[in-house]
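Have a look at the structure below before the remarks.
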Amino acid sequence: MVRELVPDAFWQRVAPLLPAPKPKKKSGRPRADDRAALEAIVFVLRSGIPWEMLPRKQFGLSGMTAWRRLEEWTRAGVWEELQRRLLDE
């Protein structure tokens with residue numbers, strides 16, 4: 001993708017709000033990068049494609065992983081806190 005979906009300035013605002021990952025109980029595939037997950041989420045929401053059609057090679061994670069991360073961050077209140085901080089600026 002030519003244009004960056006998550007500019008550095010936006011990432012610097014979001015990253016501190018993300019919850020720490022839970023420790024894994026078993027070995028397996030390493031956790032997908034948070035920034036890649038955010039880029040995938042932004043791509044799906046902007047393009048309107050179904051989660052399962054997310055191009056895995058382009059983002060390095062599946063649509064289901066991106067969807068799970070969106071759910072996790074929503075439950076953690078990331079988006080409300082981000083909105084509050086942006087409005088305070």
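Labeling convention for the structure tokens: chains A, B, ... as they appear, residues from 1 per chain, ligands from 1 in order of appearance.
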
Residues at most 10 Å from range 55-63 of chain A, counting only C-alpha atoms, excluding those fewer than 4 positions away in the same chain, as a PDB file with N, CA, C and O atoms, in the first residue's frame?
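Done, and the output landed in out18.pdb:
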ATOM      1  N   MET A   1       0.855  -1.174   0.000  1.00  0.00           N
ATOM      2  CA  MET A   1       0.000   0.000   0.000  1.00  0.00           C
ATOM      3  C   MET A   1       0.898   1.233   0.000  1.00  0.00           C
ATOM      4  O   MET A   1       1.807   1.338   0.814  1.00  0.00           O
ATOM      5  N   ARG A  31       2.627 -13.531  18.798  1.00  0.00           N
ATOM      6  CA  ARG A  31       1.549 -12.542  18.717  1.00  0.00           C
ATOM      7  C   ARG A  31       1.818 -11.574  17.565  1.00  0.00           C
ATOM      8  O   ARG A  31       2.941 -11.113  17.369  1.00  0.00           O
ATOM      9  N   ALA A  32       0.777 -11.261  16.833  1.00  0.00           N
ATOM     10  CA  ALA A  32       0.885 -10.314  15.724  1.00  0.00           C
ATOM     11  C   ALA A  32       1.204  -8.922  16.263  1.00  0.00           C
ATOM     12  O   ALA A  32       0.775  -8.541  17.355  1.00  0.00           O
ATOM     13  N   ASP A  33       1.962  -8.178  15.505  1.00  0.00           N
ATOM     14  CA  ASP A  33       2.364  -6.820  15.864  1.00  0.00           C
ATOM     15  C   ASP A  33       1.142  -5.918  16.027  1.00  0.00           C
ATOM     16  O   ASP A  33       0.223  -5.944  15.200  1.00  0.00           O
ATOM     17  N   ARG A  35       0.877  -2.643  15.771  1.00  0.00           N
ATOM     18  CA  ARG A  35       0.739  -1.625  14.726  1.00  0.00           C
ATOM     19  C   ARG A  35       0.183  -2.236  13.445  1.00  0.00           C
ATOM     20  O   ARG A  35      -0.666  -1.643  12.786  1.00  0.00           O
ATOM     21  N   ALA A  36       0.631  -3.439  13.099  1.00  0.00           N
ATOM     22  CA  ALA A  36       0.096  -4.124  11.922  1.00  0.00           C
ATOM     23  C   ALA A  36      -1.388  -4.419  12.119  1.00  0.00           C
ATOM     24  O   ALA A  36      -2.185  -4.293  11.180  1.00  0.00           O
ATOM     25  N   ALA A  37      -1.764  -4.775  13.340  1.00  0.00           N
ATOM     26  CA  ALA A  37      -3.176  -5.028  13.628  1.00  0.00           C
ATOM     27  C   ALA A  37      -3.994  -3.753  13.467  1.00  0.00           C
ATOM     28  O   ALA A  37      -5.085  -3.774  12.882  1.00  0.00           O
ATOM     29  N   LEU A  38      -3.476  -2.642  13.956  1.00  0.00           N
ATOM     30  CA  LEU A  38      -4.191  -1.367  13.813  1.00  0.00           C
ATOM     31  C   LEU A  38      -4.304  -0.976  12.339  1.00  0.00           C
ATOM     32  O   LEU A  38      -5.358  -0.514  11.900  1.00  0.00           O
ATOM     33  N   GLU A  39      -3.243  -1.182  11.578  1.00  0.00           N
ATOM     34  CA  GLU A  39      -3.306  -0.885  10.140  1.00  0.00           C
ATOM     35  C   GLU A  39      -4.357  -1.751   9.454  1.00  0.00           C
ATOM     36  O   GLU A  39      -5.119  -1.272   8.604  1.00  0.00           O
ATOM     37  N   ALA A  40      -4.436  -3.020   9.819  1.00  0.00           N
ATOM     38  CA  ALA A  40      -5.430  -3.925   9.237  1.00  0.00           C
ATOM     39  C   ALA A  40      -6.842  -3.485   9.613  1.00  0.00           C
ATOM     40  O   ALA A  40      -7.750  -3.488   8.768  1.00  0.00           O
ATOM     41  N   ILE A  41      -7.027  -3.084  10.864  1.00  0.00           N
ATOM     42  CA  ILE A  41      -8.347  -2.617  11.317  1.00  0.00           C
ATOM     43  C   ILE A  41      -8.766  -1.378  10.530  1.00  0.00           C
ATOM     44  O   ILE A  41      -9.893  -1.285  10.041  1.00  0.00           O
ATOM     45  N   PHE A  43      -7.724  -0.449   7.606  1.00  0.00           N
ATOM     46  CA  PHE A  43      -7.958  -0.843   6.215  1.00  0.00           C
ATOM     47  C   PHE A  43      -9.355  -1.433   6.037  1.00  0.00           C
ATOM     48  O   PHE A  43     -10.091  -1.046   5.123  1.00  0.00           O
ATOM     49  N   VAL A  44      -9.725  -2.353   6.908  1.00  0.00           N
ATOM     50  CA  VAL A  44     -11.049  -2.987   6.802  1.00  0.00           C
ATOM     51  C   VAL A  44     -12.153  -1.963   7.008  1.00  0.00           C
ATOM     52  O   VAL A  44     -13.133  -1.929   6.248  1.00  0.00           O
ATOM     53  N   PRO A  50     -15.058  -7.464   3.902  1.00  0.00           N
ATOM     54  CA  PRO A  50     -15.259  -8.364   5.042  1.00  0.00           C
ATOM     55  C   PRO A  50     -13.919  -8.708   5.694  1.00  0.00           C
ATOM     56  O   PRO A  50     -12.883  -8.735   5.028  1.00  0.00           O
ATOM     57  N   TRP A  51     -13.947  -8.979   7.000  1.00  0.00           N
ATOM     58  CA  TRP A  51     -12.722  -9.298   7.729  1.00  0.00           C
ATOM     59  C   TRP A  51     -11.970 -10.458   7.095  1.00  0.00           C
ATOM     60  O   TRP A  51     -10.744 -10.448   7.019  1.00  0.00           O
ATOM     61  N   TRP A  67      -9.753  -8.667  13.792  1.00  0.00           N
ATOM     62  CA  TRP A  67     -11.072  -8.501  14.413  1.00  0.00           C
ATOM     63  C   TRP A  67     -10.988  -8.760  15.916  1.00  0.00           C
ATOM     64  O   TRP A  67     -11.553  -8.013  16.711  1.00  0.00           O
ATOM     65  N   ARG A  68     -10.249  -9.813  16.300  1.00  0.00           N
ATOM     66  CA  ARG A  68     -10.093 -10.115  17.727  1.00  0.00           C
ATOM     67  C   ARG A  68      -9.378  -8.980  18.458  1.00  0.00           C
ATOM     68  O   ARG A  68      -9.724  -8.632  19.585  1.00  0.00           O
ATOM     69  N   ARG A  69      -8.375  -8.398  17.821  1.00  0.00           N
ATOM     70  CA  ARG A  69      -7.646  -7.285  18.424  1.00  0.00           C
ATOM     71  C   ARG A  69      -8.567  -6.079  18.571  1.00  0.00           C
ATOM     72  O   ARG A  69      -8.536  -5.389  19.591  1.00  0.00           O
TER      73      ARG A  69
END

Item checked: Contacts of range 3-15 of chain A at 7 Å (only C-alpha atoms; same-chain gap of 3+ positions) as a list in words -> Leu18, Glu39, Val42 and Leu82 of chain A

Next item on the list: Any chance you could list, as a ChimeraX atom specification, the residues in chain A that come up alpha helix (DSSP H) when DSSP is run on the backbone?
Entry: /A:8-14,34-47,56-59,63-75,78-88

Check: Please, what distance in Å, to one decimal, runs between CA of Ala20 in chain A and CA of Glu71 in chain A?
Finding: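 Straight-line distance from CA of Ala20 in chain A to CA of Glu71 in chain A works out to 14.5 Å.
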
Margin query: When you count only C-alpha atoms, which of these residues is closest to Arg84 in chain A: A:Leu17, A:Lys26, A:Gly48, A:Leu70?
Written below: A:Leu17

Quick one: residues within 8 Å of Trp73 in chain A, only C-alpha atoms, excluding same-chain residues fewer than 5 positions away - as a PDB file with N, CA, C and O atoms, in the first residue's frame?
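Listed below is the output, out14.pdb:
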ATOM      1  N   LEU A  18      -2.865   1.008  24.548  1.00  0.00           N
ATOM      2  CA  LEU A  18      -3.137  -0.406  24.311  1.00  0.00           C
ATOM      3  C   LEU A  18      -2.803  -1.231  25.545  1.00  0.00           C
ATOM      4  O   LEU A  18      -1.776  -1.019  26.182  1.00  0.00           O
ATOM      5  N   PRO A  19      -3.676  -2.183  25.880  1.00  0.00           N
ATOM      6  CA  PRO A  19      -3.392  -3.031  27.041  1.00  0.00           C
ATOM      7  C   PRO A  19      -2.207  -3.949  26.762  1.00  0.00           C
ATOM      8  O   PRO A  19      -1.953  -4.323  25.620  1.00  0.00           O
ATOM      9  N   VAL A  78      -9.971   1.499  24.779  1.00  0.00           N
ATOM     10  CA  VAL A  78      -8.932   2.246  24.061  1.00  0.00           C
ATOM     11  C   VAL A  78      -9.531   3.389  23.253  1.00  0.00           C
ATOM     12  O   VAL A  78      -9.032   4.518  23.274  1.00  0.00           O
ATOM     13  N   TRP A  79     -10.599   3.129  22.541  1.00  0.00           N
ATOM     14  CA  TRP A  79     -11.151   4.143  21.622  1.00  0.00           C
ATOM     15  C   TRP A  79     -11.784   5.306  22.374  1.00  0.00           C
ATOM     16  O   TRP A  79     -11.631   6.456  21.958  1.00  0.00           O
TER      17      TRP A  79
END

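With only C-alpha atoms as the atoms that count, the residue of A:Asp34, A:Thr65, A:Gly28, A:Leu54 with the shortest distance to Pro16 in chain A is A:Asp34.
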